[in-house]
$ cat structure-v9.cif   # mmCIF, C-alpha atoms
data_target
loop_
_atom_site.label_atom_id
_atom_site.label_comp_id
_atom_site.auth_asym_id
_atom_site.auth_seq_id
_atom_site.Cartn_x
_atom_site.Cartn_y
_atom_site.Cartn_z
CA MET A 1 145.90 195.42 37.27
CA ASN A 2 148.04 192.38 36.54
CA PHE A 3 145.99 189.20 36.22
CA THR A 4 149.12 187.06 35.94
CA GLU A 5 150.70 188.38 39.11
CA GLY A 6 147.34 188.03 40.80
CA VAL A 7 144.05 189.89 41.18
CA ILE A 8 141.27 189.21 43.68
CA PHE A 9 137.80 190.46 42.78
CA ALA A 10 134.20 189.32 43.05
CA VAL A 11 131.23 188.99 40.73
CA ASP A 12 127.53 188.79 41.53
CA LYS A 13 126.75 185.24 40.38
CA PRO A 14 123.48 185.01 38.45
CA TYR A 15 120.55 182.74 39.26
CA ARG A 16 120.62 179.25 37.69
CA MET A 17 124.32 179.41 36.82
CA SER A 18 126.90 177.15 38.43
CA SER A 19 129.90 178.70 40.13
CA PHE A 20 132.16 176.92 37.63
CA GLY A 21 130.07 178.26 34.76
CA ALA A 22 130.41 181.81 36.10
CA LEU A 23 134.16 181.33 36.56
CA ALA A 24 134.56 179.96 33.03
CA HIS A 25 132.74 182.94 31.51
CA VAL A 26 134.82 185.49 33.41
CA ARG A 27 138.05 183.63 32.60
CA TYR A 28 137.12 183.62 28.91
CA LEU A 29 136.50 187.39 28.90
CA VAL A 30 139.70 188.18 30.82
CA SER A 31 141.75 185.89 28.56
CA LYS A 32 140.21 187.49 25.46
CA LYS A 33 140.95 190.96 26.77
CA MET A 34 144.57 190.02 27.46
CA GLY A 35 144.96 188.19 24.16
CA VAL A 36 146.09 184.97 25.81
CA LYS A 37 144.75 181.42 25.59
CA ARG A 38 143.83 180.90 29.24
CA VAL A 39 144.34 182.99 32.37
CA LYS A 40 144.82 180.99 35.56
CA MET A 41 141.72 181.57 37.72
CA GLY A 42 139.80 179.91 40.54
CA HIS A 43 136.88 180.71 42.82
CA ALA A 44 136.86 180.78 46.62
CA GLY A 45 133.69 178.98 47.64
CA THR A 46 130.96 177.31 45.58
CA LEU A 47 127.49 178.82 45.34
CA ASP A 48 124.57 176.57 44.35
CA PRO A 49 123.13 177.26 40.87
CA LEU A 50 119.89 178.56 42.44
CA ALA A 51 121.82 180.95 44.70
CA THR A 52 123.07 184.40 43.73
CA GLY A 53 125.59 186.82 45.15
CA VAL A 54 129.25 187.14 46.06
CA LEU A 55 131.59 184.82 44.17
CA VAL A 56 135.22 185.65 44.92
CA LEU A 57 137.64 185.04 42.04
CA CYS A 58 141.42 184.81 42.28
CA THR A 59 143.76 184.98 39.30
CA GLY A 60 147.40 184.11 38.64
CA LYS A 61 149.57 183.87 41.73
CA ALA A 62 146.63 184.99 43.90
CA THR A 63 145.04 181.55 43.41
CA LYS A 64 147.31 180.49 46.28
CA GLN A 65 145.06 182.57 48.53
CA ILE A 66 141.87 180.66 47.65
CA GLU A 67 142.03 178.45 50.74
CA THR A 68 142.44 181.52 52.95
CA TRP A 69 139.39 183.16 51.37
CA GLN A 70 137.37 179.99 51.87
CA GLN A 71 137.97 180.34 55.62
CA HIS A 72 136.43 183.83 55.74
CA THR A 73 133.08 184.43 57.40
CA LYS A 74 130.14 184.50 55.00
CA GLU A 75 126.74 186.21 55.18
CA TYR A 76 123.56 185.03 53.47
CA VAL A 77 120.00 186.23 53.14
CA ALA A 78 117.58 183.34 52.66
CA THR A 79 113.84 182.89 52.31
CA LEU A 80 112.22 179.72 53.62
CA GLN A 81 108.87 178.10 52.92
CA LEU A 82 107.43 176.41 55.98
CA GLY A 83 105.28 173.30 55.86
CA ALA A 84 106.90 171.39 52.99
CA THR A 85 110.13 169.75 51.87
CA THR A 86 111.87 168.90 48.63
CA ALA A 87 114.55 166.27 47.96
CA SER A 88 117.24 168.93 47.52
CA PHE A 89 115.90 171.25 50.28
CA ASP A 90 115.47 174.02 47.68
CA ARG A 91 113.48 174.73 44.51
CA GLU A 92 115.59 172.48 42.28
CA HIS A 93 113.06 169.74 43.02
CA THR A 94 109.30 169.83 43.53
CA VAL A 95 107.63 169.36 46.91
CA ASP A 96 107.72 165.74 48.08
CA PHE A 97 106.09 166.01 51.53
CA THR A 98 103.85 168.50 53.33
CA PHE A 99 103.67 169.10 57.08
CA PRO A 100 101.43 170.87 59.60
CA THR A 101 102.13 174.55 60.25
CA ARG A 102 99.22 175.63 62.46
CA HIS A 103 101.41 175.35 65.57
CA ILE A 104 104.15 177.59 64.14
CA THR A 105 104.28 181.13 65.53
CA LYS A 106 106.79 183.93 65.28
CA SER A 107 107.97 183.21 68.82
CA LEU A 108 108.56 179.55 67.90
CA VAL A 109 110.55 180.62 64.84
CA LEU A 110 112.72 182.97 66.94
CA GLU A 111 113.25 180.34 69.61
CA THR A 112 114.21 177.74 66.99
CA LEU A 113 116.64 180.01 65.16
CA ARG A 114 118.54 180.68 68.40
CA GLN A 115 119.14 176.93 68.78
CA PHE A 116 121.34 176.94 65.69
CA GLU A 117 123.71 179.73 66.70
CA GLY A 118 127.19 178.69 67.79
CA ASP A 119 128.93 175.36 67.16
CA VAL A 120 126.56 172.79 65.67
CA LEU A 121 126.76 169.50 63.75
CA GLN A 122 125.25 169.53 60.28
CA VAL A 123 124.69 166.71 57.79
CA PRO A 124 125.35 168.07 54.26
CA PRO A 125 122.61 167.61 51.64
CA SER A 126 122.85 164.51 49.45
CA TYR A 127 122.51 166.94 46.52
CA SER A 128 125.86 168.59 47.26
CA ALA A 129 129.43 168.60 45.99
CA CYS A 130 130.68 166.60 49.00
CA LYS A 131 132.79 163.64 47.94
CA ILE A 132 132.16 159.97 48.77
CA ASP A 133 135.03 157.69 47.72
CA GLY A 134 136.05 160.29 45.18
CA HIS A 135 132.58 160.78 43.73
CA ARG A 136 130.39 163.87 44.11
CA ALA A 137 127.37 163.17 46.31
CA TYR A 138 124.91 164.87 43.96
CA LYS A 139 126.02 162.69 41.04
CA LEU A 140 125.51 159.52 43.07
CA THR A 141 122.12 160.75 44.28
CA ARG A 142 120.97 161.60 40.74
CA ARG A 143 121.93 158.07 39.69
CA GLY A 144 119.55 156.75 42.32
CA GLU A 145 122.21 155.54 44.74
CA ASP A 146 121.73 155.82 48.48
CA VAL A 147 123.99 158.53 49.86
CA GLU A 148 124.87 158.75 53.54
CA LEU A 149 126.93 161.76 54.55
CA GLN A 150 128.43 162.21 57.99
CA ALA A 151 127.60 165.19 60.19
CA LYS A 152 130.28 167.88 60.18
CA PRO A 153 130.99 170.57 62.76
CA ILE A 154 130.12 174.08 61.56
CA HIS A 155 129.89 177.46 63.26
CA ILE A 156 127.01 179.91 62.89
CA ASP A 157 127.78 183.34 64.31
CA GLU A 158 124.31 184.80 63.99
CA ILE A 159 120.84 184.14 62.61
CA GLU A 160 118.54 187.15 62.36
CA LEU A 161 114.84 186.94 61.55
CA LEU A 162 114.18 189.56 58.86
CA HIS A 163 110.54 188.76 58.08
CA TYR A 164 107.78 186.37 59.10
CA ASP A 165 104.57 185.96 57.13
CA PRO A 166 102.06 184.08 59.31
CA VAL A 167 99.58 183.64 56.43
CA ARG A 168 101.89 182.34 53.72
CA LYS A 169 104.17 180.72 56.30
CA GLU A 170 107.26 182.29 54.78
CA VAL A 171 110.36 183.35 56.67
CA ALA A 172 113.32 185.50 55.67
CA ILE A 173 116.57 185.21 57.63
CA ARG A 174 120.09 186.60 57.61
CA VAL A 175 122.80 184.06 58.44
CA VAL A 176 126.43 184.82 59.34
CA CYS A 177 128.46 181.63 59.33
CA GLY A 178 131.77 179.90 58.78
CA LYS A 179 133.14 177.55 56.14
CA GLY A 180 131.19 174.44 55.20
CA THR A 181 127.72 175.66 56.20
CA TYR A 182 124.92 174.58 53.89
CA ILE A 183 121.98 176.96 54.18
CA ARG A 184 119.77 174.35 52.50
CA ALA A 185 120.64 171.89 55.26
CA LEU A 186 120.06 174.60 57.85
CA ALA A 187 116.56 175.09 56.41
CA ARG A 188 115.92 171.35 56.68
CA ASP A 189 117.10 171.29 60.30
CA ILE A 190 115.03 174.35 61.25
CA GLY A 191 111.94 172.62 59.89
CA GLU A 192 112.62 169.43 61.84
CA ALA A 193 113.25 171.41 65.03
CA MET A 194 109.84 173.08 64.64
CA GLY A 195 108.07 169.78 64.03
CA SER A 196 107.39 170.65 60.41
CA GLY A 197 109.16 170.83 57.07
CA VAL A 198 111.06 173.71 55.46
CA PHE A 199 112.75 174.28 52.13
CA LEU A 200 114.76 177.15 50.67
CA THR A 201 112.99 179.36 48.13
CA SER A 202 115.82 181.87 47.57
CA LEU A 203 119.40 182.35 48.69
CA ARG A 204 121.76 185.28 48.24
CA ARG A 205 125.33 185.45 49.53
CA THR A 206 125.73 189.04 50.60
CA ARG A 207 129.26 188.98 52.00
CA VAL A 208 132.52 187.00 52.00
CA GLY A 209 135.05 188.41 54.44
CA ASP A 210 135.12 192.16 53.76
CA ILE A 211 133.71 191.87 50.24
CA ARG A 212 130.02 192.74 50.15
CA VAL A 213 127.61 192.15 47.29
CA GLU A 214 127.61 195.92 46.68
CA ASP A 215 131.32 195.61 45.84
CA CYS A 216 130.73 192.93 43.20
CA ILE A 217 131.03 193.40 39.46
CA ASP A 218 127.73 193.05 37.62
CA PHE A 219 128.01 189.74 35.76
CA ASP A 220 126.40 191.16 32.61
CA HIS A 221 128.90 194.02 32.44
CA ILE A 222 132.24 192.33 33.10
CA TYR A 223 133.70 193.27 29.72
CA GLU A 224 132.77 196.92 30.27
CA TRP A 225 134.48 196.71 33.67
CA LEU A 226 137.59 195.28 32.01
CA ASP A 227 137.60 198.15 29.51
CA ARG A 228 137.87 200.61 32.42
CA GLN A 229 140.90 198.87 33.95
CA THR A 230 144.57 199.57 33.28
CA ILE A 231 145.84 196.07 32.54
CA GLU A 232 149.52 195.26 32.95
CA TYR A 233 151.21 192.39 31.11
#
$ encode --input "structure-v9.cif" --output "structure tokens"
Amino acid sequence: MNFTEGVIFAVDKPYRMSSFGALAHVRYLVSKKMGVKRVKMGHAGTLDPLATGVLVLCTGKATKQIETWQQHTKEYVATLQLGATTASFDREHTVDFTFPTRHITKSLVLETLRQFEGDVLQVPPSYSACKIDGHRAYKLTRRGEDVELQAKPIHIDEIELLHYDPVRKEVAIRVVCGKGTYIRALARDIGEAMGSGVFLTSLRRTRVGDIRVEDCIDFDHIYEWLDRQTIEY
């Protein structure tokens, strides 16, 4: 394994850690193992801090393949709370509005999910890393500035209903989608389409391309994984 020539691997990003924070930790451990100041490393697709799962890392010359990996199909498993919204469309913020849910049935959920398969337009969340005049949208939003993002074309291959709880009004879905899809924004749009509100309560990226979460290195045992590798210099 030659990290300078280029290695592509994936870690299971922990909850409440940024993708950059996860990358920085792995880069530190790899650099320490190799006895160098800083190994060149980048990640292929940001995961929100409240999301977990597959974070693909590329080192050395393999960082040139990051854009290619970003184009790969991704799979997520998400849980949604019906009947309420938050400013960020997930649990980063507290509930700001509540909505009626009595009219929501499993058949309505299934019918609504089908509407979002295929090519759709999606407005990214204001709490996102999208750039406006060179500034990150989430930074502008946190400063209290009004953020207006334009709808972008995305592609959703499949949305599968995994679970529906009619009492707690909770839904679990599996989403297979292309680059640029925000599952938080998808939750928002599903809620609006059902005449209610929805926010994300958990999100796990289970696949990027052919790399599944089962193939990922446990984040808490990266150094032990490195100890088992034959590292070339």
$ atom_distance --input "structure-v9.cif" --atom1 "atom CA of A:Ile183" --atom2 "atom CA of A:Leu203"
8.1 Å
$ closest_residue --input "structure-v9.cif" --among "A:His25, A:Lys33, A:Lys131, A:Lys139" --to "A:Gln229" --atoms "all atoms listed in the file"
A:Lys33
$ closest_residue --input "structure-v9.cif" --among "A:Arg114, A:Arg102, A:Lys13, A:Arg205" --to "A:Ile217" --atoms "all atoms listed in the file"
A:Lys13
$ residues_around --input "structure-v9.cif" --residues "stretch 158-167 of chain A" --least-positions-apart "4" --cutoff "12 Å" --atoms "only C-alpha atoms" --output "PyMOL selection string"
chain A and resi 73-83+101-119+171-178+183+186-187+190
$ residues_around --input "structure-v9.cif" --residues "A:Lys40" --least-positions-apart "5" --cutoff "12 Å" --atoms "all atoms listed in the file" --output "ChimeraX atom specification"
/A:2-7,23-24,26-28,30-31,57-64
$ atom_distance --input "structure-v9.cif" --atom1 "atom CA of A:Pro125" --atom2 "atom CA of A:Pro100"
22.9 Å
$ residues_around --input "structure-v9.cif" --residues "A:Thr86" --least-positions-apart "3" --cutoff "12 Å" --atoms "all atoms listed in the file" --output "list in words"
Leu80, Gln81, Leu82, Gly83, Phe89, Asp90, Arg91, Glu92, His93, Thr94, Val95, Asp96, Phe97, Thr98, Phe99, Pro125, Ser126, Tyr127, Arg184, Ala185, Ala187, Arg188, Gly191, Gly197, Val198, Phe199, Leu200 and Thr201 of chain A
$ resolve_selection --input "structure-v9.cif" --expression "the PyMOL selection byres ((chain A and resi 11) around 7)" --output "list in words"
Ala10, Asp12, Lys13, Val54, Leu55, Val56, Cys216, Ile217, Asp218 and Phe219 of chain A
$ atom_distance --input "structure-v9.cif" --atom1 "atom CA of A:Ile8" --atom2 "atom CA of A:Asp220"
18.6 Å
$ closest_residue --input "structure-v9.cif" --among "A:Lys179, A:Arg143, A:Lys169, A:Lys32" --to "A:Ala84" --atoms "all atoms listed in the file"
A:Lys169
$ resolve_selection --input "structure-v9.cif" --expression "the PyMOL selection byres ((chain A and resi 151) around 7)" --output "list of chain:residue names"
A:Leu121, A:Gln122, A:Val123, A:Pro124, A:Leu149, A:Gln150, A:Lys152, A:Pro153
$ write_last_selection --input "structure-v9.cif" --atoms "C-alpha atoms" --output "mmCIF file, in the coordinates of the input"
data_model
loop_
_atom_site.group_PDB
_atom_site.id
_atom_site.type_symbol
_atom_site.label_atom_id
_atom_site.label_comp_id
_atom_site.auth_asym_id
_atom_site.auth_seq_id
_atom_site.Cartn_x
_atom_site.Cartn_y
_atom_site.Cartn_z
ATOM 1 C CA LEU A 121 126.760 169.500 63.750
ATOM 2 C CA GLN A 122 125.250 169.530 60.280
ATOM 3 C CA VAL A 123 124.690 166.710 57.790
ATOM 4 C CA PRO A 124 125.350 168.070 54.260
ATOM 5 C CA LEU A 149 126.930 161.760 54.550
ATOM 6 C CA GLN A 150 128.430 162.210 57.990
ATOM 7 C CA LYS A 152 130.280 167.880 60.180
ATOM 8 C CA PRO A 153 130.990 170.570 62.760
#
$ closest_residue --input "structure-v9.cif" --among "A:Met17, A:Leu29, A:Val120, A:Met1" --to "A:His221" --atoms "all atoms listed in the file"
A:Leu29
$ closest_residue --input "structure-v9.cif" --among "A:Ser202, A:Ser196, A:Thr230, A:Thr46" --to "A:Thr181" --atoms "all atoms listed in the file"
A:Thr46
$ build_atoms --input "structure-v9.cif" --residues "stretch 130-161 of chain A" --atoms "N, CA and C atoms" --output "PDB file, keeping the file's coordinate frame"
ATOM      1  N   CYS A 130     129.871 167.424  48.096  1.00  0.00           N
ATOM      2  CA  CYS A 130     130.680 166.600  49.000  1.00  0.00           C
ATOM      3  C   CYS A 130     131.088 165.314  48.283  1.00  0.00           C
ATOM      4  N   LYS A 131     132.287 164.835  48.612  1.00  0.00           N
ATOM      5  CA  LYS A 131     132.790 163.640  47.940  1.00  0.00           C
ATOM      6  C   LYS A 131     132.629 162.394  48.805  1.00  0.00           C
ATOM      7  N   ILE A 132     132.234 161.287  48.146  1.00  0.00           N
ATOM      8  CA  ILE A 132     132.160 159.970  48.770  1.00  0.00           C
ATOM      9  C   ILE A 132     132.990 159.022  47.916  1.00  0.00           C
ATOM     10  N   ASP A 133     134.108 158.554  48.477  1.00  0.00           N
ATOM     11  CA  ASP A 133     135.030 157.690  47.720  1.00  0.00           C
ATOM     12  C   ASP A 133     135.397 158.301  46.377  1.00  0.00           C
ATOM     13  N   GLY A 134     135.623 159.603  46.390  1.00  0.00           N
ATOM     14  CA  GLY A 134     136.050 160.290  45.180  1.00  0.00           C
ATOM     15  C   GLY A 134     134.954 160.726  44.242  1.00  0.00           C
ATOM     16  N   HIS A 135     133.700 160.421  44.589  1.00  0.00           N
ATOM     17  CA  HIS A 135     132.580 160.780  43.730  1.00  0.00           C
ATOM     18  C   HIS A 135     131.729 161.875  44.389  1.00  0.00           C
ATOM     19  N   ARG A 136     131.235 162.813  43.593  1.00  0.00           N
ATOM     20  CA  ARG A 136     130.390 163.870  44.110  1.00  0.00           C
ATOM     21  C   ARG A 136     129.051 163.295  44.563  1.00  0.00           C
ATOM     22  N   ALA A 137     128.607 163.708  45.743  1.00  0.00           N
ATOM     23  CA  ALA A 137     127.370 163.170  46.310  1.00  0.00           C
ATOM     24  C   ALA A 137     126.179 163.395  45.396  1.00  0.00           C
ATOM     25  N   TYR A 138     126.087 164.578  44.780  1.00  0.00           N
ATOM     26  CA  TYR A 138     124.910 164.870  43.960  1.00  0.00           C
ATOM     27  C   TYR A 138     124.851 163.976  42.728  1.00  0.00           C
ATOM     28  N   LYS A 139     126.014 163.582  42.198  1.00  0.00           N
ATOM     29  CA  LYS A 139     126.020 162.690  41.040  1.00  0.00           C
ATOM     30  C   LYS A 139     125.535 161.299  41.427  1.00  0.00           C
ATOM     31  N   LEU A 140     125.960 160.823  42.590  1.00  0.00           N
ATOM     32  CA  LEU A 140     125.510 159.520  43.070  1.00  0.00           C
ATOM     33  C   LEU A 140     124.007 159.543  43.337  1.00  0.00           C
ATOM     34  N   THR A 141     123.543 160.636  43.950  1.00  0.00           N
ATOM     35  CA  THR A 141     122.120 160.750  44.280  1.00  0.00           C
ATOM     36  C   THR A 141     121.271 160.774  43.011  1.00  0.00           C
ATOM     37  N   ARG A 142     121.725 161.518  41.991  1.00  0.00           N
ATOM     38  CA  ARG A 142     120.970 161.600  40.740  1.00  0.00           C
ATOM     39  C   ARG A 142     120.954 160.273  39.987  1.00  0.00           C
ATOM     40  N   ARG A 143     121.929 159.406  40.300  1.00  0.00           N
ATOM     41  CA  ARG A 143     121.930 158.070  39.690  1.00  0.00           C
ATOM     42  C   ARG A 143     121.047 157.101  40.465  1.00  0.00           C
ATOM     43  N   GLY A 144     120.444 157.592  41.542  1.00  0.00           N
ATOM     44  CA  GLY A 144     119.550 156.750  42.320  1.00  0.00           C
ATOM     45  C   GLY A 144     120.220 155.959  43.418  1.00  0.00           C
ATOM     46  N   GLU A 145     121.490 156.247  43.686  1.00  0.00           N
ATOM     47  CA  GLU A 145     122.210 155.540  44.740  1.00  0.00           C
ATOM     48  C   GLU A 145     121.924 156.160  46.101  1.00  0.00           C
ATOM     49  N   ASP A 146     121.923 155.326  47.124  1.00  0.00           N
ATOM     50  CA  ASP A 146     121.730 155.820  48.480  1.00  0.00           C
ATOM     51  C   ASP A 146     123.005 156.517  48.948  1.00  0.00           C
ATOM     52  N   VAL A 147     122.852 157.732  49.426  1.00  0.00           N
ATOM     53  CA  VAL A 147     123.990 158.530  49.860  1.00  0.00           C
ATOM     54  C   VAL A 147     123.852 158.832  51.351  1.00  0.00           C
ATOM     55  N   GLU A 148     124.850 158.452  52.106  1.00  0.00           N
ATOM     56  CA  GLU A 148     124.870 158.750  53.540  1.00  0.00           C
ATOM     57  C   GLU A 148     126.101 159.604  53.848  1.00  0.00           C
ATOM     58  N   LEU A 149     125.852 160.840  54.216  1.00  0.00           N
ATOM     59  CA  LEU A 149     126.930 161.760  54.550  1.00  0.00           C
ATOM     60  C   LEU A 149     127.009 161.927  56.064  1.00  0.00           C
ATOM     61  N   GLN A 150     128.214 162.062  56.555  1.00  0.00           N
ATOM     62  CA  GLN A 150     128.430 162.210  57.990  1.00  0.00           C
ATOM     63  C   GLN A 150     128.242 163.659  58.421  1.00  0.00           C
ATOM     64  N   ALA A 151     127.753 163.839  59.638  1.00  0.00           N
ATOM     65  CA  ALA A 151     127.600 165.190  60.190  1.00  0.00           C
ATOM     66  C   ALA A 151     128.969 165.836  60.358  1.00  0.00           C
ATOM     67  N   LYS A 152     129.033 167.126  60.060  1.00  0.00           N
ATOM     68  CA  LYS A 152     130.280 167.880  60.180  1.00  0.00           C
ATOM     69  C   LYS A 152     130.081 169.076  61.103  1.00  0.00           C
ATOM     70  N   PRO A 153     131.111 169.403  61.879  1.00  0.00           N
ATOM     71  CA  PRO A 153     130.990 170.570  62.760  1.00  0.00           C
ATOM     72  C   PRO A 153     131.053 171.869  61.944  1.00  0.00           C
ATOM     73  N   ILE A 154     130.126 172.769  62.197  1.00  0.00           N
ATOM     74  CA  ILE A 154     130.120 174.080  61.560  1.00  0.00           C
ATOM     75  C   ILE A 154     129.906 175.130  62.648  1.00  0.00           C
ATOM     76  N   HIS A 155     130.113 176.379  62.296  1.00  0.00           N
ATOM     77  CA  HIS A 155     129.890 177.460  63.260  1.00  0.00           C
ATOM     78  C   HIS A 155     128.992 178.516  62.623  1.00  0.00           C
ATOM     79  N   ILE A 156     127.915 178.848  63.328  1.00  0.00           N
ATOM     80  CA  ILE A 156     127.010 179.910  62.890  1.00  0.00           C
ATOM     81  C   ILE A 156     127.085 181.053  63.890  1.00  0.00           C
ATOM     82  N   ASP A 157     127.588 182.182  63.432  1.00  0.00           N
ATOM     83  CA  ASP A 157     127.780 183.340  64.310  1.00  0.00           C
ATOM     84  C   ASP A 157     126.455 183.971  64.714  1.00  0.00           C
ATOM     85  N   GLU A 158     125.556 184.066  63.723  1.00  0.00           N
ATOM     86  CA  GLU A 158     124.310 184.800  63.990  1.00  0.00           C
ATOM     87  C   GLU A 158     123.231 184.404  62.997  1.00  0.00           C
ATOM     88  N   ILE A 159     122.005 184.281  63.478  1.00  0.00           N
ATOM     89  CA  ILE A 159     120.840 184.140  62.610  1.00  0.00           C
ATOM     90  C   ILE A 159     119.830 185.202  63.022  1.00  0.00           C
ATOM     91  N   GLU A 160     119.487 186.068  62.092  1.00  0.00           N
ATOM     92  CA  GLU A 160     118.540 187.150  62.360  1.00  0.00           C
ATOM     93  C   GLU A 160     117.256 186.927  61.573  1.00  0.00           C
ATOM     94  N   LEU A 161     116.126 187.029  62.233  1.00  0.00           N
ATOM     95  CA  LEU A 161     114.840 186.940  61.550  1.00  0.00           C
ATOM     96  C   LEU A 161     114.546 188.294  60.899  1.00  0.00           C
TER      97      LEU A 161
END
